[in-house]
$ cat start_34.tsv   # TSV, N, CA and C atoms
chain	number	residue	atom	x	y	z
A	1	MET	N	0.82	-1.20	0.00
A	1	MET	CA	0.00	0.00	0.00
A	1	MET	C	0.86	1.25	0.00
A	2	ALA	N	2.13	1.09	-0.25
A	2	ALA	CA	3.05	2.22	-0.32
A	2	ALA	C	3.23	2.91	1.04
A	3	LEU	N	3.06	2.17	2.10
A	3	LEU	CA	3.27	2.70	3.45
A	3	LEU	C	4.61	2.19	3.97
A	4	ASP	N	5.18	2.92	4.91
A	4	ASP	CA	6.41	2.48	5.54
A	4	ASP	C	6.16	1.19	6.31
A	5	THR	N	7.17	0.34	6.39
A	5	THR	CA	7.06	-0.90	7.15
A	5	THR	C	6.70	-0.57	8.59
A	6	GLY	N	5.72	-1.27	9.12
A	6	GLY	CA	5.30	-1.07	10.50
A	6	GLY	C	4.32	0.07	10.70
A	7	HIS	N	3.91	0.73	9.63
A	7	HIS	CA	3.02	1.89	9.75
A	7	HIS	C	1.76	1.53	10.55
A	8	VAL	N	1.23	0.35	10.34
A	8	VAL	CA	0.06	-0.11	11.08
A	8	VAL	C	0.42	-1.25	12.02
A	9	THR	N	1.27	-2.15	11.55
A	9	THR	CA	1.56	-3.35	12.33
A	9	THR	C	2.43	-3.09	13.56
A	10	ALA	N	3.11	-1.97	13.63
A	10	ALA	CA	3.96	-1.67	14.77
A	10	ALA	C	3.20	-0.97	15.91
A	11	VAL	N	1.90	-0.87	15.78
A	11	VAL	CA	1.09	-0.23	16.83
A	11	VAL	C	0.58	-1.34	17.75
A	12	PRO	N	1.16	-1.45	18.95
A	12	PRO	CA	0.83	-2.59	19.83
A	12	PRO	C	-0.62	-2.62	20.30
A	13	GLU	N	-1.29	-1.48	20.31
A	13	GLU	CA	-2.67	-1.44	20.79
A	13	GLU	C	-3.67	-1.99	19.78
A	14	LEU	N	-3.24	-2.16	18.52
A	14	LEU	CA	-4.16	-2.63	17.49
A	14	LEU	C	-4.10	-4.15	17.35
A	15	SER	N	-5.27	-4.77	17.42
A	15	SER	CA	-5.33	-6.20	17.18
A	15	SER	C	-5.15	-6.46	15.68
A	16	ARG	N	-4.93	-7.70	15.33
A	16	ARG	CA	-4.78	-8.06	13.91
A	16	ARG	C	-6.03	-7.66	13.12
A	17	THR	N	-7.20	-7.87	13.71
A	17	THR	CA	-8.46	-7.50	13.06
A	17	THR	C	-8.53	-6.00	12.84
A	18	ALA	N	-8.14	-5.22	13.84
A	18	ALA	CA	-8.15	-3.76	13.72
A	18	ALA	C	-7.15	-3.28	12.67
A	19	GLN	N	-5.99	-3.95	12.60
A	19	GLN	CA	-4.99	-3.59	11.59
A	19	GLN	C	-5.54	-3.81	10.19
A	20	LEU	N	-6.16	-4.97	9.97
A	20	LEU	CA	-6.72	-5.27	8.66
A	20	LEU	C	-7.85	-4.31	8.30
A	21	LYS	N	-8.64	-3.95	9.29
A	21	LYS	CA	-9.74	-3.01	9.04
A	21	LYS	C	-9.18	-1.63	8.68
A	22	ALA	N	-8.15	-1.20	9.38
A	22	ALA	CA	-7.54	0.11	9.09
A	22	ALA	C	-6.96	0.14	7.68
A	23	LEU	N	-6.29	-0.93	7.29
A	23	LEU	CA	-5.70	-0.99	5.96
A	23	LEU	C	-6.77	-1.16	4.88
A	24	GLY	N	-7.81	-1.91	5.20
A	24	GLY	CA	-8.88	-2.15	4.23
A	24	GLY	C	-9.68	-0.91	3.90
A	25	ASN	N	-9.72	0.04	4.81
A	25	ASN	CA	-10.48	1.27	4.60
A	25	ASN	C	-9.65	2.37	3.98
A	26	GLY	N	-8.39	2.09	3.73
A	26	GLY	CA	-7.50	3.12	3.19
A	26	GLY	C	-7.49	3.14	1.68
A	27	VAL	N	-7.02	4.23	1.16
A	27	VAL	CA	-6.84	4.37	-0.28
A	27	VAL	C	-5.38	4.11	-0.60
A	28	VAL	N	-5.15	3.31	-1.60
A	28	VAL	CA	-3.78	3.08	-2.05
A	28	VAL	C	-3.45	4.28	-2.93
A	29	TRP	N	-2.62	5.19	-2.40
A	29	TRP	CA	-2.44	6.48	-3.07
A	29	TRP	C	-1.88	6.38	-4.48
A	30	PRO	N	-1.00	5.45	-4.80
A	30	PRO	CA	-0.55	5.39	-6.20
A	30	PRO	C	-1.70	5.06	-7.16
A	31	GLN	N	-2.65	4.24	-6.71
A	31	GLN	CA	-3.80	3.93	-7.54
A	31	GLN	C	-4.72	5.14	-7.66
A	32	ALA	N	-4.86	5.89	-6.57
A	32	ALA	CA	-5.69	7.09	-6.61
A	32	ALA	C	-5.11	8.12	-7.57
A	33	VAL	N	-3.80	8.28	-7.56
A	33	VAL	CA	-3.13	9.21	-8.47
A	33	VAL	C	-3.34	8.78	-9.91
A	34	ALA	N	-3.19	7.50	-10.18
A	34	ALA	CA	-3.39	6.98	-11.54
A	34	ALA	C	-4.82	7.22	-12.00
A	35	ALA	N	-5.79	6.98	-11.12
A	35	ALA	CA	-7.19	7.19	-11.47
A	35	ALA	C	-7.46	8.66	-11.78
A	36	LEU	N	-6.93	9.56	-10.97
A	36	LEU	CA	-7.13	10.99	-11.22
A	36	LEU	C	-6.50	11.43	-12.54
A	37	ARG	N	-5.33	10.90	-12.84
A	37	ARG	CA	-4.68	11.23	-14.12
A	37	ARG	C	-5.53	10.77	-15.29
A	38	ILE	N	-6.08	9.58	-15.19
A	38	ILE	CA	-6.94	9.07	-16.27
A	38	ILE	C	-8.17	9.96	-16.43
A	39	LEU	N	-8.80	10.28	-15.31
A	39	LEU	CA	-10.01	11.12	-15.37
A	39	LEU	C	-9.69	12.50	-15.94
A	40	LEU	N	-8.58	13.09	-15.49
A	40	LEU	CA	-8.22	14.42	-15.99
A	40	LEU	C	-7.84	14.40	-17.46
A	41	SER	N	-7.27	13.30	-17.91
A	41	SER	CA	-6.90	13.22	-19.32
A	41	SER	C	-8.13	13.13	-20.21
A	42	ARG	N	-9.24	12.73	-19.65
A	42	ARG	CA	-10.49	12.62	-20.41
A	42	ARG	C	-11.33	13.89	-20.32
A	43	THR	N	-10.86	14.86	-19.57
A	43	THR	CA	-11.59	16.11	-19.37
A	43	THR	C	-10.90	17.22	-20.14
A	44	GLU	N	-11.69	18.05	-20.75
A	44	GLU	CA	-11.12	19.17	-21.50
A	44	GLU	C	-10.54	20.20	-20.53
A	45	PRO	N	-9.37	20.74	-20.83
A	45	PRO	CA	-8.73	21.72	-19.93
A	45	PRO	C	-9.62	22.93	-19.64
A	46	ALA	N	-10.51	23.27	-20.53
A	46	ALA	CA	-11.35	24.45	-20.33
A	46	ALA	C	-12.27	24.30	-19.13
A	47	VAL	N	-12.60	23.09	-18.72
A	47	VAL	CA	-13.53	22.91	-17.60
A	47	VAL	C	-12.84	22.72	-16.26
A	48	TRP	N	-11.52	22.64	-16.24
A	48	TRP	CA	-10.81	22.37	-14.98
A	48	TRP	C	-11.02	23.45	-13.94
A	49	GLY	N	-11.14	24.69	-14.34
A	49	GLY	CA	-11.26	25.79	-13.39
A	49	GLY	C	-12.69	26.13	-13.02
A	50	ARG	N	-13.64	25.50	-13.66
A	50	ARG	CA	-15.05	25.83	-13.38
A	50	ARG	C	-15.59	25.04	-12.21
A	51	ALA	N	-16.41	25.71	-11.39
A	51	ALA	CA	-17.09	25.02	-10.30
A	51	ALA	C	-18.28	24.26	-10.85
A	52	ALA	N	-18.58	23.15	-10.24
A	52	ALA	CA	-19.71	22.33	-10.71
A	52	ALA	C	-21.03	22.94	-10.32
$ encode --input "start_34.tsv" --output "structure tokens"
Amino acid sequence: MALDTGHVTAVPELSRTAQLKALGNGVVWPQAVAALRILLSRTEPAVWGRAA
């Protein structure tokens, strides 16, 4: 998930279930960046500055 080693697993207060839940609810940022690039490439530059 592009996180530093131990980012979640080194927290002693979190059970294994809590660790998996925390990671499962996260966004994998490299995938989010790729998705935004794809979406922006399909949008005309003229609409980037306009509010919806």
$ atom_distance --input "start_34.tsv" --atom1 "CA of Ser15 in chain A" --atom2 "CA of Trp29 in chain A"
24.1 Å
$ atom_distance --input "start_34.tsv" --atom1 "CA of Val8 in chain A" --atom2 "atom N of Gly24 in chain A"
10.0 Å
$ atom_distance --input "start_34.tsv" --atom1 "atom C of Leu20 in chain A" --atom2 "atom N of Asp4 in chain A"
15.3 Å
$ axis_aligned_box --input "start_34.tsv" --around "range 25-37 of chain A" --padding-each-side "8 Å" --output "lines of an AutoDock Vina configuration file"
center_x = -5.5
center_y = 5.7
center_z = -5.2
size_x = 25.9
size_y = 27.4
size_z = 36.1
